[in-house]
>>> print(open('run.pdb').read())   # PDB, C-alpha atoms
MODEL        1
ATOM      1  CA  PRO A   1       4.771 -19.984 -11.985
ATOM      2  CA  ALA A   2       8.563 -20.125 -11.883
ATOM      3  CA  ALA A   3       8.806 -16.495 -10.751
ATOM      4  CA  PHE A   4       6.257 -17.058  -7.966
ATOM      5  CA  HIS A   5       8.066 -20.210  -6.867
ATOM      6  CA  ALA A   6      11.404 -18.385  -6.814
ATOM      7  CA  GLY A   7       9.793 -15.556  -4.838
ATOM      8  CA  PHE A   8       8.473 -18.015  -2.268
ATOM      9  CA  LEU A   9      11.865 -19.695  -1.978
ATOM     10  CA  LEU A  10      13.482 -16.293  -1.398
ATOM     11  CA  SER A  11      10.760 -15.561   1.136
ATOM     12  CA  GLY A  12      11.792 -18.761   2.895
ATOM     13  CA  LEU A  13      15.373 -17.537   3.131
ATOM     14  CA  LEU A  14      14.147 -14.206   4.497
ATOM     15  CA  LEU A  15      11.861 -15.918   6.996
ATOM     16  CA  ASN A  16      14.647 -18.149   8.293
ATOM     17  CA  ALA A  17      17.091 -15.247   8.525
ATOM     18  CA  ALA A  18      14.482 -13.200  10.396
ATOM     19  CA  LEU A  19      13.724 -16.116  12.727
ATOM     20  CA  PHE A  20      17.420 -16.590  13.532
ATOM     21  CA  THR A  21      17.816 -12.842  14.091
ATOM     22  CA  LEU A  22      14.736 -12.605  16.314
ATOM     23  CA  LEU A  23      15.870 -15.521  18.451
ATOM     24  CA  GLY A  24      19.212 -13.766  18.890
ATOM     25  CA  LEU A  25      17.462 -10.515  19.816
ATOM     26  CA  LEU A  26      15.500 -12.435  22.443
ATOM     27  CA  GLY A  27      18.753 -13.590  24.034
ATOM     28  CA  VAL A  28      18.775 -17.165  22.767
ATOM     29  CA  PRO A  29      22.372 -18.420  22.394
ATOM     30  CA  ARG A  30      23.557 -18.471  18.773
ATOM     31  CA  TRP A  31      23.940 -22.258  18.674
ATOM     32  CA  ALA A  32      20.388 -22.752  19.967
ATOM     33  CA  ALA A  33      18.995 -20.116  17.597
ATOM     34  CA  LEU A  34      20.767 -21.795  14.675
ATOM     35  CA  LEU A  35      19.509 -25.238  15.709
ATOM     36  CA  ALA A  36      15.916 -23.989  16.120
ATOM     37  CA  THR A  37      16.053 -22.183  12.782
ATOM     38  CA  LEU A  38      17.465 -25.237  10.988
ATOM     39  CA  LEU A  39      14.828 -27.496  12.548
ATOM     40  CA  TYR A  40      12.140 -25.070  11.435
ATOM     41  CA  ALA A  41      13.655 -24.767   7.939
ATOM     42  CA  ILE A  42      13.522 -28.525   7.356
ATOM     43  CA  SER A  43      10.139 -29.072   8.976
ATOM     44  CA  PRO A  44       7.447 -30.484   6.676
ATOM     45  CA  GLU A  45       5.185 -27.490   7.367
ATOM     46  CA  GLU A  46       7.854 -25.011   6.287
ATOM     47  CA  ILE A  47       8.612 -26.971   3.139
ATOM     48  CA  LEU A  48       4.899 -27.257   2.348
ATOM     49  CA  TYR A  49       4.153 -23.548   2.783
ATOM     50  CA  GLU A  50       7.285 -22.574   0.892
ATOM     51  CA  ASN A  51       5.933 -24.522  -2.077
ATOM     52  CA  TYR A  52       2.225 -23.744  -1.616
ATOM     53  CA  LEU A  53       1.571 -20.491  -3.441
ATOM     54  CA  PHE A  54      -0.867 -18.939  -0.981
ATOM     55  CA  TYR A  55      -0.738 -15.641   0.859
ATOM     56  CA  ALA A  56      -0.342 -17.188   4.333
ATOM     57  CA  TYR A  57       3.394 -17.618   3.777
ATOM     58  CA  PRO A  58       4.207 -14.038   2.709
ATOM     59  CA  VAL A  59       2.015 -12.814   5.597
ATOM     60  CA  THR A  60       4.125 -14.853   8.025
ATOM     61  CA  VAL A  61       7.336 -13.495   6.497
ATOM     62  CA  LEU A  62       6.119  -9.882   6.674
ATOM     63  CA  LEU A  63       4.976 -10.249  10.293
ATOM     64  CA  LEU A  64       8.303 -11.712  11.364
ATOM     65  CA  VAL A  65      10.301  -9.121   9.415
ATOM     66  CA  ASN A  66       8.178  -6.356  10.937
ATOM     67  CA  VAL A  67       8.855  -7.570  14.484
ATOM     68  CA  VAL A  68      12.601  -7.888  13.851
ATOM     69  CA  CYS A  69      12.760  -4.408  12.296
ATOM     70  CA  VAL A  70      10.808  -2.765  15.136
ATOM     71  CA  VAL A  71      13.015  -4.417  17.758
ATOM     72  CA  ARG A  72      16.198  -3.412  15.894
ATOM     73  CA  ALA A  73      14.898   0.149  15.479
ATOM     74  CA  LEU A  74      14.239   0.378  19.200
ATOM     75  CA  GLN A  75      17.655  -1.075  20.061
ATOM     76  CA  THR A  76      19.771   0.907  17.618
ATOM     77  CA  LYS A  77      17.609   4.013  17.195
ATOM     78  CA  ASN A  78      18.470   3.719  13.493
ATOM     79  CA  PRO A  79      15.586   5.065  11.384
ATOM     80  CA  ARG A  80      16.386   2.634   8.554
ATOM     81  CA  TRP A  81      15.044  -0.212  10.690
ATOM     82  CA  ALA A  82      11.932   1.836  11.437
ATOM     83  CA  HIS A  83      11.417   2.499   7.714
ATOM     84  CA  ALA A  84      11.802  -1.217   6.952
ATOM     85  CA  ALA A  85       9.227  -2.033   9.651
ATOM     86  CA  ALA A  86       6.821   0.543   8.217
ATOM     87  CA  TRP A  87       7.122  -0.851   4.691
ATOM     88  CA  ALA A  88       6.678  -4.427   5.915
ATOM     89  CA  LEU A  89       3.503  -3.343   7.709
ATOM     90  CA  GLY A  90       2.276  -1.443   4.644
ATOM     91  CA  LEU A  91       2.807  -4.493   2.424
ATOM     92  CA  LEU A  92       1.033  -6.623   5.002
ATOM     93  CA  CYS A  93      -2.004  -4.311   4.946
ATOM     94  CA  LEU A  94      -2.093  -4.475   1.148
ATOM     95  CA  LEU A  95      -1.627  -8.241   1.015
ATOM     96  CA  ARG A  96      -4.153  -9.362   3.629
ATOM     97  CA  SER A  97      -7.400  -7.491   4.211
ATOM     98  CA  SER A  98      -7.635  -8.553   7.864
ATOM     99  CA  TYR A  99      -4.640  -6.289   8.604
ATOM    100  CA  HIS A 100      -6.100  -2.800   8.765
ATOM    101  CA  PRO A 101      -4.209   0.526   8.612
ATOM    102  CA  VAL A 102      -5.167   1.135  12.242
ATOM    103  CA  LEU A 103      -2.329  -1.307  12.986
ATOM    104  CA  PHE A 104       0.061   1.537  12.160
ATOM    105  CA  LEU A 105      -0.768   2.877  15.625
ATOM    106  CA  LEU A 106       1.145  -0.004  17.247
ATOM    107  CA  PRO A 107       4.558   0.757  15.712
ATOM    108  CA  LEU A 108       3.814   4.479  16.113
ATOM    109  CA  ALA A 109       3.434   3.928  19.845
ATOM    110  CA  ALA A 110       6.521   1.702  19.997
ATOM    111  CA  LEU A 111       8.754   3.847  17.791
ATOM    112  CA  SER A 112       7.739   7.152  19.354
ATOM    113  CA  GLY A 113       9.733   6.197  22.425
ATOM    114  CA  ALA A 114      12.912   5.910  20.370
ATOM    115  CA  PHE A 115      12.321   8.627  17.774
ATOM    116  CA  GLY A 116       9.650  10.911  19.195
ATOM    117  CA  TRP A 117       6.077  10.713  17.959
ATOM    118  CA  ARG A 118       6.505  13.276  15.153
ATOM    119  CA  ARG A 119       9.482  11.524  13.626
ATOM    120  CA  ALA A 120       7.848   8.115  14.086
ATOM    121  CA  ALA A 121       4.712   9.426  12.354
ATOM    122  CA  ALA A 122       6.846  10.782   9.512
ATOM    123  CA  ILE A 123       8.589   7.412   9.124
ATOM    124  CA  LEU A 124       5.249   5.586   8.959
ATOM    125  CA  SER A 125       3.507   8.171   6.769
ATOM    126  CA  LEU A 126       4.591   7.074   3.271
ATOM    127  CA  PRO A 127       3.657   3.378   3.604
ATOM    128  CA  LEU A 128       0.424   4.401   5.349
ATOM    129  CA  LEU A 129      -0.323   6.876   2.549
ATOM    130  CA  LEU A 130       0.182   4.123  -0.034
ATOM    131  CA  VAL A 131      -2.271   1.872   1.823
ATOM    132  CA  LEU A 132      -4.824   4.676   2.171
ATOM    133  CA  LEU A 133      -4.495   5.573  -1.517
ATOM    134  CA  TRP A 134      -5.167   1.942  -2.422
ATOM    135  CA  TYR A 135      -8.187   1.917  -0.117
ATOM    136  CA  GLY A 136      -9.330   5.217  -1.632
ATOM    137  CA  LYS A 137      -9.018   3.803  -5.141
ATOM    138  CA  ASN A 138     -11.213   0.890  -4.064
ATOM    139  CA  ALA A 139     -13.731   3.326  -2.573
ATOM    140  CA  VAL A 140     -13.953   5.238  -5.855
ATOM    141  CA  MET A 141     -14.056   2.171  -8.103
ATOM    142  CA  PHE A 142     -16.051  -0.261  -5.961
ATOM    143  CA  GLY A 143     -17.699   1.795  -3.226
ATOM    144  CA  PHE A 144     -15.706   0.058  -0.478
ATOM    145  CA  PHE A 145     -12.928   1.691   1.572
ATOM    146  CA  GLY A 146     -10.628  -1.241   2.266
ATOM    147  CA  SER A 147      -8.286  -3.625   0.548
ATOM    148  CA  SER A 148     -11.003  -6.195  -0.136
ATOM    149  CA  SER A 149     -14.775  -6.136  -0.365
ATOM    150  CA  TRP A 150     -15.084  -9.887   0.148
ATOM    151  CA  ALA A 151     -16.044  -9.706   3.838
ATOM    152  CA  GLY A 152     -19.761  -9.952   3.070
ATOM    153  CA  MET A 153     -19.247 -12.898   0.754
ATOM    154  CA  ASN A 154     -17.118 -14.689   3.335
ATOM    155  CA  VAL A 155     -19.761 -14.138   6.028
ATOM    156  CA  ALA A 156     -22.438 -15.350   3.596
ATOM    157  CA  LYS A 157     -20.392 -18.452   2.945
ATOM    158  CA  ILE A 158     -20.575 -19.260   6.647
ATOM    159  CA  ALA A 159     -24.092 -18.010   7.393
ATOM    160  CA  VAL A 160     -26.113 -18.588   4.215
ATOM    161  CA  LYS A 161     -24.529 -21.659   2.684
ATOM    162  CA  THR A 162     -25.626 -23.848   5.587
ATOM    163  CA  LEU A 163     -29.287 -22.773   5.367
ATOM    164  CA  THR A 164     -31.916 -25.190   4.144
ATOM    165  CA  PRO A 165     -34.014 -24.166   1.102
ATOM    166  CA  GLU A 166     -36.915 -23.395   3.453
ATOM    167  CA  GLN A 167     -34.719 -21.155   5.604
ATOM    168  CA  ARG A 168     -33.507 -19.366   2.473
ATOM    169  CA  ARG A 169     -37.094 -18.666   1.429
ATOM    170  CA  GLU A 170     -37.787 -17.287   4.914
ATOM    171  CA  LEU A 171     -34.695 -15.081   4.667
ATOM    172  CA  GLU A 172     -35.846 -13.837   1.280
ATOM    173  CA  ALA A 173     -39.289 -13.060   2.727
ATOM    174  CA  ILE A 174     -37.744 -11.110   5.612
ATOM    175  CA  THR A 175     -35.220  -9.154   3.537
ATOM    176  CA  GLY A 176     -37.211  -8.916   0.341
ATOM    177  CA  ASP A 177     -34.021  -9.776  -1.531
ATOM    178  CA  PRO A 178     -33.976 -12.834  -3.852
ATOM    179  CA  ILE A 179     -30.192 -12.996  -3.571
ATOM    180  CA  ALA A 180     -30.677 -15.245  -0.524
ATOM    181  CA  ARG A 181     -31.550 -18.030  -2.987
ATOM    182  CA  ILE A 182     -28.126 -17.822  -4.619
ATOM    183  CA  ALA A 183     -25.284 -19.741  -2.969
ATOM    184  CA  PRO A 184     -22.217 -17.662  -2.055
ATOM    185  CA  PHE A 185     -19.538 -17.599  -4.778
ATOM    186  CA  ALA A 186     -22.070 -19.052  -7.255
TER
ENDMDL
END
>>> encode(input="run.pdb", output="structure tokens")
Amino acid sequence: PAAFHAGFLLSGLLLNAALFTLLGLLGVPRWAALLATLLYAISPEEILYENYLFYAYPVTVLLLVNVVCVVRALQTKNPRWAHAAAWALGLLCLLRSSYHPVLFLLPLAALSGAFGWRRAAAILSLPLLLVLLWYGKNAVMFGFFGSSSWAGMNVAKIAVKTLTPEQRRELEAITGDPIARIAPFA
């Protein structure tokens, strides 16, 4: 628990640094960017999420870091920023299943203007390969090509959990599958 807590506190520092940097990149005066960042840093929501060990906070950090790195890569034409953006996106795809590898097309399109599409594809290739290897491992082990196979269970939680017992019996009669009688996550 202490290591996770320390990691989330460090994530908070990274998030606030990225927020300050992004505001500066958007042309906000330094004093206003500092004030906005400090107000965000001491907000109850920020303090809560920094201490609530749930993936929403690292997702926010990775999204913000990705945006800052893409903007810096486009401004400076420095491939290190592009590599950092690619790794942030790769980690995001591994952390949260709703972020799919097809998202790599967005920075490819953006970075190809600064680096050319071949070089941009090369920069994005290693993090994308890592994500695809993870998805491939899941396909071999679990028969599902993705980072999580919980989509069906989450849909069932919404669709099946609210059914009455009579509606569940009707669903079982239609599908021929007795699993409709079992509550999701039971």
>>> residues_around(input="run.pdb", residues="segment 10-12 of chain A", least_positions_apart="3", cutoff="7 Å", atoms="all atoms listed in the file", output="mmCIF file with C-alpha atoms, in the frame of the given file")
data_model
loop_
_atom_site.group_PDB
_atom_site.id
_atom_site.type_symbol
_atom_site.label_atom_id
_atom_site.label_comp_id
_atom_site.auth_asym_id
_atom_site.auth_seq_id
_atom_site.Cartn_x
_atom_site.Cartn_y
_atom_site.Cartn_z
ATOM 1 C CA ALA A 6 11.404 -18.385 -6.814
ATOM 2 C CA GLY A 7 9.793 -15.556 -4.838
ATOM 3 C CA LEU A 15 11.861 -15.918 6.996
ATOM 4 C CA ASN A 16 14.647 -18.149 8.293
ATOM 5 C CA GLU A 50 7.285 -22.574 0.892
ATOM 6 C CA PRO A 58 4.207 -14.038 2.709
ATOM 7 C CA VAL A 61 7.336 -13.495 6.497
#
>>> residues_around(input="run.pdb", residues="Phe8 of chain A", least_positions_apart="3", cutoff="12 Å", atoms="all atoms listed in the file", output="ChimeraX atom specification")
/A:1-5,11-15,46-61
>>> atom_distance(input="run.pdb", atom1="atom CA of Ala41 of chain A", atom2="atom CA of Val68 of chain A")
17.9 Å
>>> resolve_selection(input="run.pdb", expression="the PyMOL selection byres ((chain A and resi 78-95) around 10)", output="mmCIF file with C-alpha atoms, keeping the file's coordinate frame")
data_model
loop_
_atom_site.group_PDB
_atom_site.id
_atom_site.type_symbol
_atom_site.label_atom_id
_atom_site.label_comp_id
_atom_site.auth_asym_id
_atom_site.auth_seq_id
_atom_site.Cartn_x
_atom_site.Cartn_y
_atom_site.Cartn_z
ATOM 1 C CA TYR A 55 -0.738 -15.641 0.859
ATOM 2 C CA ALA A 56 -0.342 -17.188 4.333
ATOM 3 C CA PRO A 58 4.207 -14.038 2.709
ATOM 4 C CA VAL A 59 2.015 -12.814 5.597
ATOM 5 C CA THR A 60 4.125 -14.853 8.025
ATOM 6 C CA VAL A 61 7.336 -13.495 6.497
ATOM 7 C CA LEU A 62 6.119 -9.882 6.674
ATOM 8 C CA LEU A 63 4.976 -10.249 10.293
ATOM 9 C CA LEU A 64 8.303 -11.712 11.364
ATOM 10 C CA VAL A 65 10.301 -9.121 9.415
ATOM 11 C CA ASN A 66 8.178 -6.356 10.937
ATOM 12 C CA VAL A 67 8.855 -7.570 14.484
ATOM 13 C CA VAL A 68 12.601 -7.888 13.851
ATOM 14 C CA CYS A 69 12.760 -4.408 12.296
ATOM 15 C CA VAL A 70 10.808 -2.765 15.136
ATOM 16 C CA VAL A 71 13.015 -4.417 17.758
ATOM 17 C CA ARG A 72 16.198 -3.412 15.894
ATOM 18 C CA ALA A 73 14.898 0.149 15.479
ATOM 19 C CA LEU A 74 14.239 0.378 19.200
ATOM 20 C CA GLN A 75 17.655 -1.075 20.061
ATOM 21 C CA THR A 76 19.771 0.907 17.618
ATOM 22 C CA LYS A 77 17.609 4.013 17.195
ATOM 23 C CA ARG A 96 -4.153 -9.362 3.629
ATOM 24 C CA SER A 97 -7.400 -7.491 4.211
ATOM 25 C CA SER A 98 -7.635 -8.553 7.864
ATOM 26 C CA TYR A 99 -4.640 -6.289 8.604
ATOM 27 C CA HIS A 100 -6.100 -2.800 8.765
ATOM 28 C CA PRO A 101 -4.209 0.526 8.612
ATOM 29 C CA VAL A 102 -5.167 1.135 12.242
ATOM 30 C CA LEU A 103 -2.329 -1.307 12.986
ATOM 31 C CA PHE A 104 0.061 1.537 12.160
ATOM 32 C CA PRO A 107 4.558 0.757 15.712
ATOM 33 C CA LEU A 108 3.814 4.479 16.113
ATOM 34 C CA LEU A 111 8.754 3.847 17.791
ATOM 35 C CA ALA A 114 12.912 5.910 20.370
ATOM 36 C CA PHE A 115 12.321 8.627 17.774
ATOM 37 C CA ARG A 119 9.482 11.524 13.626
ATOM 38 C CA ALA A 120 7.848 8.115 14.086
ATOM 39 C CA ALA A 122 6.846 10.782 9.512
ATOM 40 C CA ILE A 123 8.589 7.412 9.124
ATOM 41 C CA LEU A 124 5.249 5.586 8.959
ATOM 42 C CA SER A 125 3.507 8.171 6.769
ATOM 43 C CA LEU A 126 4.591 7.074 3.271
ATOM 44 C CA PRO A 127 3.657 3.378 3.604
ATOM 45 C CA LEU A 128 0.424 4.401 5.349
ATOM 46 C CA LEU A 129 -0.323 6.876 2.549
ATOM 47 C CA LEU A 130 0.182 4.123 -0.034
ATOM 48 C CA VAL A 131 -2.271 1.872 1.823
ATOM 49 C CA LEU A 132 -4.824 4.676 2.171
ATOM 50 C CA TRP A 134 -5.167 1.942 -2.422
ATOM 51 C CA TYR A 135 -8.187 1.917 -0.117
ATOM 52 C CA GLY A 146 -10.628 -1.241 2.266
ATOM 53 C CA SER A 147 -8.286 -3.625 0.548
ATOM 54 C CA SER A 148 -11.003 -6.195 -0.136
#
>>> axis_aligned_box(input="run.pdb", around="segment 48-65 of chain A", padding_each_side="5 Å", output="lines of an AutoDock Vina configuration file")
center_x = 4.7
center_y = -18.2
center_z = 4.0
size_x = 21.2
size_y = 28.1
size_z = 24.8
>>> atom_distance(input="run.pdb", atom1="atom CA of Pro165 of chain A", atom2="atom CA of Arg181 of chain A")
7.8 Å
>>> resolve_selection(input="run.pdb", expression="the PyMOL selection byres ((chain A and resi 20) around 12)", output="PyMOL selection string")
chain A and resi 13-19+21-41+64-65+68
>>> build_atoms(input="run.pdb", residues="segment 6-22 of chain A", atoms="N, CA, C and O atoms", output="PDB file, in the coordinates of the input")
ATOM      1  N   ALA A   6      10.132 -18.984  -7.234  1.00  0.00           N
ATOM      2  CA  ALA A   6      11.404 -18.385  -6.814  1.00  0.00           C
ATOM      3  C   ALA A   6      11.175 -17.342  -5.722  1.00  0.00           C
ATOM      4  O   ALA A   6      11.941 -17.260  -4.756  1.00  0.00           O
ATOM      5  N   GLY A   7      10.111 -16.551  -5.866  1.00  0.00           N
ATOM      6  CA  GLY A   7       9.793 -15.556  -4.838  1.00  0.00           C
ATOM      7  C   GLY A   7       9.487 -16.197  -3.501  1.00  0.00           C
ATOM      8  O   GLY A   7       9.904 -15.690  -2.444  1.00  0.00           O
ATOM      9  N   PHE A   8       8.787 -17.327  -3.521  1.00  0.00           N
ATOM     10  CA  PHE A   8       8.473 -18.015  -2.268  1.00  0.00           C
ATOM     11  C   PHE A   8       9.722 -18.652  -1.665  1.00  0.00           C
ATOM     12  O   PHE A   8       9.875 -18.683  -0.442  1.00  0.00           O
ATOM     13  N   LEU A   9      10.614 -19.149  -2.501  1.00  0.00           N
ATOM     14  CA  LEU A   9      11.865 -19.695  -1.978  1.00  0.00           C
ATOM     15  C   LEU A   9      12.715 -18.596  -1.351  1.00  0.00           C
ATOM     16  O   LEU A   9      13.301 -18.784  -0.281  1.00  0.00           O
ATOM     17  N   LEU A  10      12.765 -17.430  -1.989  1.00  0.00           N
ATOM     18  CA  LEU A  10      13.482 -16.293  -1.398  1.00  0.00           C
ATOM     19  C   LEU A  10      12.806 -15.838  -0.112  1.00  0.00           C
ATOM     20  O   LEU A  10      13.486 -15.458   0.855  1.00  0.00           O
ATOM     21  N   SER A  11      11.483 -15.891  -0.094  1.00  0.00           N
ATOM     22  CA  SER A  11      10.760 -15.561   1.136  1.00  0.00           C
ATOM     23  C   SER A  11      11.148 -16.518   2.252  1.00  0.00           C
ATOM     24  O   SER A  11      11.244 -16.120   3.421  1.00  0.00           O
ATOM     25  N   GLY A  12      11.357 -17.782   1.904  1.00  0.00           N
ATOM     26  CA  GLY A  12      11.792 -18.761   2.895  1.00  0.00           C
ATOM     27  C   GLY A  12      13.144 -18.410   3.480  1.00  0.00           C
ATOM     28  O   GLY A  12      13.356 -18.519   4.692  1.00  0.00           O
ATOM     29  N   LEU A  13      14.062 -17.980   2.625  1.00  0.00           N
ATOM     30  CA  LEU A  13      15.373 -17.537   3.131  1.00  0.00           C
ATOM     31  C   LEU A  13      15.221 -16.344   4.067  1.00  0.00           C
ATOM     32  O   LEU A  13      15.837 -16.293   5.135  1.00  0.00           O
ATOM     33  N   LEU A  14      14.377 -15.390   3.668  1.00  0.00           N
ATOM     34  CA  LEU A  14      14.147 -14.206   4.497  1.00  0.00           C
ATOM     35  C   LEU A  14      13.500 -14.587   5.817  1.00  0.00           C
ATOM     36  O   LEU A  14      13.887 -14.089   6.881  1.00  0.00           O
ATOM     37  N   LEU A  15      12.530 -15.492   5.770  1.00  0.00           N
ATOM     38  CA  LEU A  15      11.861 -15.918   6.996  1.00  0.00           C
ATOM     39  C   LEU A  15      12.847 -16.577   7.951  1.00  0.00           C
ATOM     40  O   LEU A  15      12.871 -16.274   9.149  1.00  0.00           O
ATOM     41  N   ASN A  16      13.686 -17.459   7.427  1.00  0.00           N
ATOM     42  CA  ASN A  16      14.647 -18.149   8.293  1.00  0.00           C
ATOM     43  C   ASN A  16      15.707 -17.201   8.840  1.00  0.00           C
ATOM     44  O   ASN A  16      16.096 -17.309  10.001  1.00  0.00           O
ATOM     45  N   ALA A  17      16.147 -16.246   8.036  1.00  0.00           N
ATOM     46  CA  ALA A  17      17.091 -15.247   8.525  1.00  0.00           C
ATOM     47  C   ALA A  17      16.446 -14.391   9.614  1.00  0.00           C
ATOM     48  O   ALA A  17      17.075 -14.081  10.637  1.00  0.00           O
ATOM     49  N   ALA A  18      15.186 -14.012   9.399  1.00  0.00           N
ATOM     50  CA  ALA A  18      14.482 -13.200  10.396  1.00  0.00           C
ATOM     51  C   ALA A  18      14.249 -13.992  11.679  1.00  0.00           C
ATOM     52  O   ALA A  18      14.371 -13.458  12.786  1.00  0.00           O
ATOM     53  N   LEU A  19      13.922 -15.271  11.545  1.00  0.00           N
ATOM     54  CA  LEU A  19      13.724 -16.116  12.727  1.00  0.00           C
ATOM     55  C   LEU A  19      15.017 -16.232  13.528  1.00  0.00           C
ATOM     56  O   LEU A  19      15.014 -16.056  14.756  1.00  0.00           O
ATOM     57  N   PHE A  20      16.121 -16.498  12.849  1.00  0.00           N
ATOM     58  CA  PHE A  20      17.420 -16.590  13.532  1.00  0.00           C
ATOM     59  C   PHE A  20      17.757 -15.273  14.220  1.00  0.00           C
ATOM     60  O   PHE A  20      18.190 -15.246  15.375  1.00  0.00           O
ATOM     61  N   THR A  21      17.530 -14.163  13.526  1.00  0.00           N
ATOM     62  CA  THR A  21      17.816 -12.842  14.091  1.00  0.00           C
ATOM     63  C   THR A  21      16.949 -12.567  15.306  1.00  0.00           C
ATOM     64  O   THR A  21      17.435 -12.091  16.339  1.00  0.00           O
ATOM     65  N   LEU A  22      15.646 -12.859  15.198  1.00  0.00           N
ATOM     66  CA  LEU A  22      14.736 -12.605  16.314  1.00  0.00           C
ATOM     67  C   LEU A  22      15.107 -13.432  17.541  1.00  0.00           C
ATOM     68  O   LEU A  22      15.096 -12.924  18.665  1.00  0.00           O
TER      69      LEU A  22
END
